[in-house]
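Here is the structure we will look at, set down as structure tokens.
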Amino acid sequence: MNLRNVAIIAHVDHGKTTLVDRLLQQSGTYRENQRVVERAMDSNDLERERGITILAKAASVQWKDTRINIVDTPGHADFGGEVERILNMVDGALVLVDAAEGPLPQTKFVVSKALKVGLKPIVVINKVDRPDARPTEVINEVFDLFAALDASEEQLDFPILYGSAKQGWMADSPDGPKDAGMQPLFDLILRHVAPPTVEDGPFRMIGTILEANPYLGRIITGRITSGSIKPNQAVKVLHADGKIIEQGRLTKILAFRGIERTPLEEAEAGDIVAIAGLTKGTVADTFCDPSVDTPLQAQPIDPPTVSMSFIVNNSPLAGTEGDKVTSRMIRDRLLREAEGNVALRVTEASDKDSMEVSGRGELQLAILIETMRREGFELSVSRPRVVLKKDEATGQWQEPIEEVVIDVDEEHSGVVVQKMSERKAEMIEMRPSGGHRLRLVFYAPTRGLIGYQGELLTDTRGTAIMNRLFHGYASFKGDIQGRRNGVLISNDQGEAVAYAMFKLEDRGPMMIEPGWKVYKGMIVGEHTRDNDLEINVLKGKQLTNIRTTSKDEAVRLTPPIKMTLEKALAYIEDDELVEVTPKSIRLRKKFLDANERKRAVKAKEAVA
């Protein structure tokens, strides 16, 4: 069987998923008259809305007499847990780079992983039709990046194609002929990517992608290293340390044909397949014939850097907007998520009413919260905290540091440097990146970056692009100033009244609208000063029988601050929570009662 296994790796928004669309169309996978959704591989609603790939997915195309399995990988560092494992499934990688932006941190992150596992890359310069494209300089930057990542001579001798995935063509030069479509890329994959290496012996496979299916149960995708399998065959699952996790029979073997999964009667070594029928085996475990005793070597996963508490919603409005509110439901849902996402760690807190969830970054955790709220969950979540670790040699605490690359217009670079230094970031590099823009590179503590994205866009009028990548652990950098303003807190429960809100406008901007339900301890606005203030937004106008024209004019309110989930998570302080329901995002104090809040402050001061 002629077979090639290839991963497409690139930075966010450099065109991976669009490229897969074109390969599927031009290989004849779709019928001539078939209606196809754009970005067919981004099947999840959140992926379509945000325009990012969150889950790795596979597809397969037939070109001449060879089947090419294509794996589309996430380009975001928060989902890097997926990328590392996928690269062990393939024999080649298409490194896709934007002809204007050049290689960015995520390209660096994924390419370093690909080079480490010995893949020989093909470099594809995409979007050469952009008016600001600079393909020659970008190729030099890619070469420098490979050299900096210790690529071997063979890996440095990479083939290059130029083209536009959106327009559906590839060629040997930026202004090459466009009439061959994607053929040059297909032919190059067949020439440059080696067929899968197959080992002798009985069936063995490492689990790479895990998902839960309502009909088939647990589905594990991976590449068969040796042997072959058929449905109903007995298999066992070994942990990395050789312990037997479970034994069972396979109910189904599925392989990708186009973007559809097709059941197979037999699958052989080298192919990428999905198997169903087991209940405990997970990613990085070895699925094998009962006669095998030694597990295959699996890739270790980078540690989580950010954690949050997921708490049962105990506000007075609990249960009014969602149908999944109990701690048991939240606990079961999080444990199920942790089963399928190895970059996530879930532990139960001592009070039993909350769960500690740790992940790669706040985006990954925000996407989990957004998914849960769409499923009907109600919960409260704490401010993201970084995961510290103790240096065993010195006994000092260490915190995660990220490499941050910010592309910004020259006129806004001053404010970016100032804000980053306030966040204890250290500037490593500053160089022009063409078109009156600068590229600034920093090493910054992760906790300083929580919530900075929105502020950066405001400071640079939406022109800056920030990319982050886990760099390593370093000694604790000291305190970082948080939010400077206090908040306005409702002192009663009911519906907000426009008249009361109008009278309180000089206290600070509101976060609610008239008619919204509020409760005691809920945050309704931002105070203009640095202390918290309790206010009454329920007080209606005193009714009298005297008519005046000025009093009866319609109240005109300033539009409120709109809080998205990410903005809310970045905004709150340690003594506050975000209440998330299917319909609303509210901010509240951890302790709703004012006396309890005072006691908590005193207790904290006594400890300090």
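Here's how to read the names in the structure tokens: chain A, B, ... by the order shown, residue numbers from 1 in each chain, ligand numbers from 1 in the order shown.
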
Need the shell around region 574-578 of chain A: protein/DNA/RNA residues with any atom at most 8 Å away, counting only C-alpha atoms. Skip same-chain ones fewer than 4 positions apart. Format as a compact mmCIF listing (two decimals) with N, CA, C and O atoms, in the first residue's frame?
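Result file is result_4.txt:
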# COMPACT_ATOMS: atom_id res chain seq x y z
N SER A 380 -18.98 29.35 39.01
CA SER A 380 -18.16 30.54 39.28
C SER A 380 -16.71 30.15 39.10
O SER A 380 -16.32 29.04 39.46
N VAL A 381 -15.91 31.07 38.55
CA VAL A 381 -14.48 30.76 38.37
C VAL A 381 -13.63 31.87 38.96
O VAL A 381 -14.02 33.03 38.97
N SER A 382 -12.46 31.47 39.46
CA SER A 382 -11.57 32.45 40.11
C SER A 382 -10.63 33.07 39.07
O SER A 382 -10.58 32.63 37.92
N ARG A 383 -9.88 34.06 39.50
CA ARG A 383 -8.86 34.67 38.64
C ARG A 383 -7.80 33.62 38.30
O ARG A 383 -7.42 32.82 39.16
N ALA A 568 -13.40 39.50 31.51
CA ALA A 568 -13.81 39.36 32.91
C ALA A 568 -12.75 38.61 33.71
O ALA A 568 -12.41 38.99 34.84
N LEU A 569 -12.20 37.52 33.14
CA LEU A 569 -11.18 36.73 33.85
C LEU A 569 -9.94 37.58 34.12
O LEU A 569 -9.28 37.44 35.15
N ILE A 585 -22.68 36.76 31.93
CA ILE A 585 -21.38 36.74 32.60
C ILE A 585 -21.43 37.87 33.61
O ILE A 585 -21.59 39.04 33.24
N ARG A 586 -21.38 37.52 34.89
CA ARG A 586 -21.45 38.54 35.94
C ARG A 586 -20.16 38.52 36.75
O ARG A 586 -19.54 37.47 36.89
N LEU A 587 -19.82 39.66 37.32
CA LEU A 587 -18.67 39.73 38.24
C LEU A 587 -19.22 39.88 39.65
O LEU A 587 -20.23 40.56 39.85
N ARG A 588 -18.57 39.25 40.62
CA ARG A 588 -19.06 39.32 42.00
C ARG A 588 -17.89 39.23 42.97
O ARG A 588 -16.79 38.80 42.60
N LYS A 589 -18.14 39.60 44.19
CA LYS A 589 -17.15 39.39 45.25
C LYS A 589 -17.24 37.94 45.72
O LYS A 589 -18.32 37.34 45.69
N LYS A 590 -16.11 37.39 46.16
CA LYS A 590 -16.10 36.01 46.64
C LYS A 590 -17.06 35.89 47.84
O LYS A 590 -17.85 34.97 47.93
N PHE A 591 -16.96 36.87 48.77
CA PHE A 591 -17.90 36.91 49.90
C PHE A 591 -18.94 37.97 49.60
O PHE A 591 -18.60 39.15 49.46

For Gly176 (chain A), list every protein, DNA or RNA residue within 12 Å, evaluated using only C-alpha atoms, and leave out those in the same chain fewer than 4 positions away; present the list as a PyMOL selection string.
chain A and resi 128-129+161-164+169-172+180-181+184

Long-range neighbours of Arg484 (chain A) as a list in words, 10 Å cut-off, only C-alpha atoms, 6 positions minimum in chain:
His527, Thr528, Arg529, Asp530 and Asn531 of chain A

Just write the chosen residues, all heavy atoms, as a PDB file, in the first residue's frame.
ATOM      1  N   HIS A 527     -15.177  51.710  40.078  1.00  0.00           N
ATOM      2  CA  HIS A 527     -15.088  52.960  40.845  1.00  0.00           C
ATOM      3  C   HIS A 527     -13.997  53.843  40.237  1.00  0.00           C
ATOM      4  O   HIS A 527     -13.003  53.343  39.718  1.00  0.00           O
ATOM      5  CB  HIS A 527     -14.750  52.624  42.313  1.00  0.00           C
ATOM      6  CG  HIS A 527     -14.992  53.756  43.249  1.00  0.00           C
ATOM      7  ND1 HIS A 527     -14.536  53.741  44.545  1.00  0.00           N
ATOM      8  CD2 HIS A 527     -15.640  54.945  43.098  1.00  0.00           C
ATOM      9  CE1 HIS A 527     -14.904  54.866  45.147  1.00  0.00           C
ATOM     10  NE2 HIS A 527     -15.569  55.609  44.277  1.00  0.00           N
ATOM     11  N   THR A 528     -14.206  55.176  40.322  1.00  0.00           N
ATOM     12  CA  THR A 528     -13.169  56.075  39.778  1.00  0.00           C
ATOM     13  C   THR A 528     -11.953  56.127  40.702  1.00  0.00           C
ATOM     14  O   THR A 528     -10.891  56.580  40.305  1.00  0.00           O
ATOM     15  CB  THR A 528     -13.729  57.502  39.623  1.00  0.00           C
ATOM     16  OG1 THR A 528     -14.407  57.838  40.833  1.00  0.00           O
ATOM     17  CG2 THR A 528     -14.692  57.580  38.458  1.00  0.00           C
ATOM     18  N   ARG A 529     -12.120  55.680  41.962  1.00  0.00           N
ATOM     19  CA  ARG A 529     -10.985  55.692  42.906  1.00  0.00           C
ATOM     20  C   ARG A 529     -10.465  54.279  43.130  1.00  0.00           C
ATOM     21  O   ARG A 529     -10.982  53.326  42.576  1.00  0.00           O
ATOM     22  CB  ARG A 529     -11.436  56.312  44.224  1.00  0.00           C
ATOM     23  CG  ARG A 529     -11.992  57.700  43.985  1.00  0.00           C
ATOM     24  CD  ARG A 529     -12.138  58.480  45.232  1.00  0.00           C
ATOM     25  NE  ARG A 529     -12.584  59.825  44.906  1.00  0.00           N
ATOM     26  CZ  ARG A 529     -12.983  60.691  45.789  1.00  0.00           C
ATOM     27  NH1 ARG A 529     -13.013  60.358  47.064  1.00  0.00           N
ATOM     28  NH2 ARG A 529     -13.372  61.902  45.435  1.00  0.00           N
ATOM     29  N   ASP A 530      -9.483  54.155  44.045  1.00  0.00           N
ATOM     30  CA  ASP A 530      -8.840  52.842  44.205  1.00  0.00           C
ATOM     31  C   ASP A 530      -9.509  51.954  45.255  1.00  0.00           C
ATOM     32  O   ASP A 530      -9.051  50.860  45.530  1.00  0.00           O
ATOM     33  CB  ASP A 530      -7.341  53.006  44.524  1.00  0.00           C
ATOM     34  CG  ASP A 530      -7.119  53.761  45.819  1.00  0.00           C
ATOM     35  OD1 ASP A 530      -8.125  54.178  46.434  1.00  0.00           O
ATOM     36  OD2 ASP A 530      -5.956  53.942  46.211  1.00  0.00           O
ATOM     37  N   ASN A 531     -10.605  52.434  45.886  1.00  0.00           N
ATOM     38  CA  ASN A 531     -11.280  51.601  46.902  1.00  0.00           C
ATOM     39  C   ASN A 531     -12.618  51.095  46.369  1.00  0.00           C
ATOM     40  O   ASN A 531     -13.174  51.642  45.416  1.00  0.00           O
ATOM     41  CB  ASN A 531     -11.503  52.407  48.190  1.00  0.00           C
ATOM     42  CG  ASN A 531     -12.416  53.598  47.934  1.00  0.00           C
ATOM     43  OD1 ASN A 531     -12.228  54.332  46.976  1.00  0.00           O
ATOM     44  ND2 ASN A 531     -13.413  53.779  48.788  1.00  0.00           N
TER      45      ASN A 531
END

Hey, which of A:Lys230, A:Lys424, A:Arg218, A:Arg22 ends up closest to Leu185 (chain A)? Count only C-alpha atoms.
A:Arg22

So which bits of region 105-204 of chain A end up strand (DSSP E or B) when you DSSP the backbone, as a PyMOL selection string?
chain A and resi 120-126+160-164+169-171+199+204

Same residues, N, CA and C atoms, saved as a compact mmCIF listing (two decimals), in the first residue's frame:
# COMPACT_ATOMS: atom_id res chain seq x y z
N LYS A 120 11.57 15.66 8.33
CA LYS A 120 12.18 16.50 7.29
C LYS A 120 11.10 17.43 6.74
N PRO A 121 11.22 18.74 6.98
CA PRO A 121 10.12 19.63 6.62
C PRO A 121 10.11 20.04 5.15
N ILE A 122 8.91 20.38 4.67
CA ILE A 122 8.72 21.07 3.38
C ILE A 122 8.22 22.46 3.76
N VAL A 123 8.86 23.52 3.27
CA VAL A 123 8.43 24.88 3.62
C VAL A 123 7.51 25.41 2.53
N VAL A 124 6.31 25.85 2.94
CA VAL A 124 5.35 26.42 2.00
C VAL A 124 5.13 27.88 2.39
N ILE A 125 5.51 28.80 1.48
CA ILE A 125 5.28 30.23 1.74
C ILE A 125 3.90 30.56 1.19
N ASN A 126 2.96 30.78 2.11
CA ASN A 126 1.56 31.00 1.73
C ASN A 126 1.25 32.50 1.64
N ILE A 160 11.18 24.20 -1.12
CA ILE A 160 10.31 25.35 -0.88
C ILE A 160 9.26 25.45 -2.00
N LEU A 161 8.04 25.75 -1.61
CA LEU A 161 7.00 26.09 -2.60
C LEU A 161 6.37 27.42 -2.20
N TYR A 162 5.89 28.16 -3.20
CA TYR A 162 5.23 29.43 -2.95
C TYR A 162 3.80 29.33 -3.49
N GLY A 163 2.88 30.07 -2.89
CA GLY A 163 1.53 30.02 -3.46
C GLY A 163 0.50 30.71 -2.59
N SER A 164 -0.77 30.47 -2.92
CA SER A 164 -1.88 31.03 -2.16
C SER A 164 -2.91 29.93 -1.97
N TRP A 169 -3.40 27.62 -5.54
CA TRP A 169 -2.27 27.26 -6.42
C TRP A 169 -0.95 27.26 -5.66
N MET A 170 0.00 26.47 -6.14
CA MET A 170 1.36 26.40 -5.60
C MET A 170 2.33 26.36 -6.78
N ALA A 171 3.54 26.94 -6.59
CA ALA A 171 4.54 26.93 -7.67
C ALA A 171 5.94 27.02 -7.06
N GLU A 199 7.58 -1.54 11.90
CA GLU A 199 8.40 -2.49 12.67
C GLU A 199 7.78 -3.89 12.58
N ARG A 204 0.93 -3.09 17.68
CA ARG A 204 1.28 -2.09 18.71
C ARG A 204 0.93 -0.71 18.18
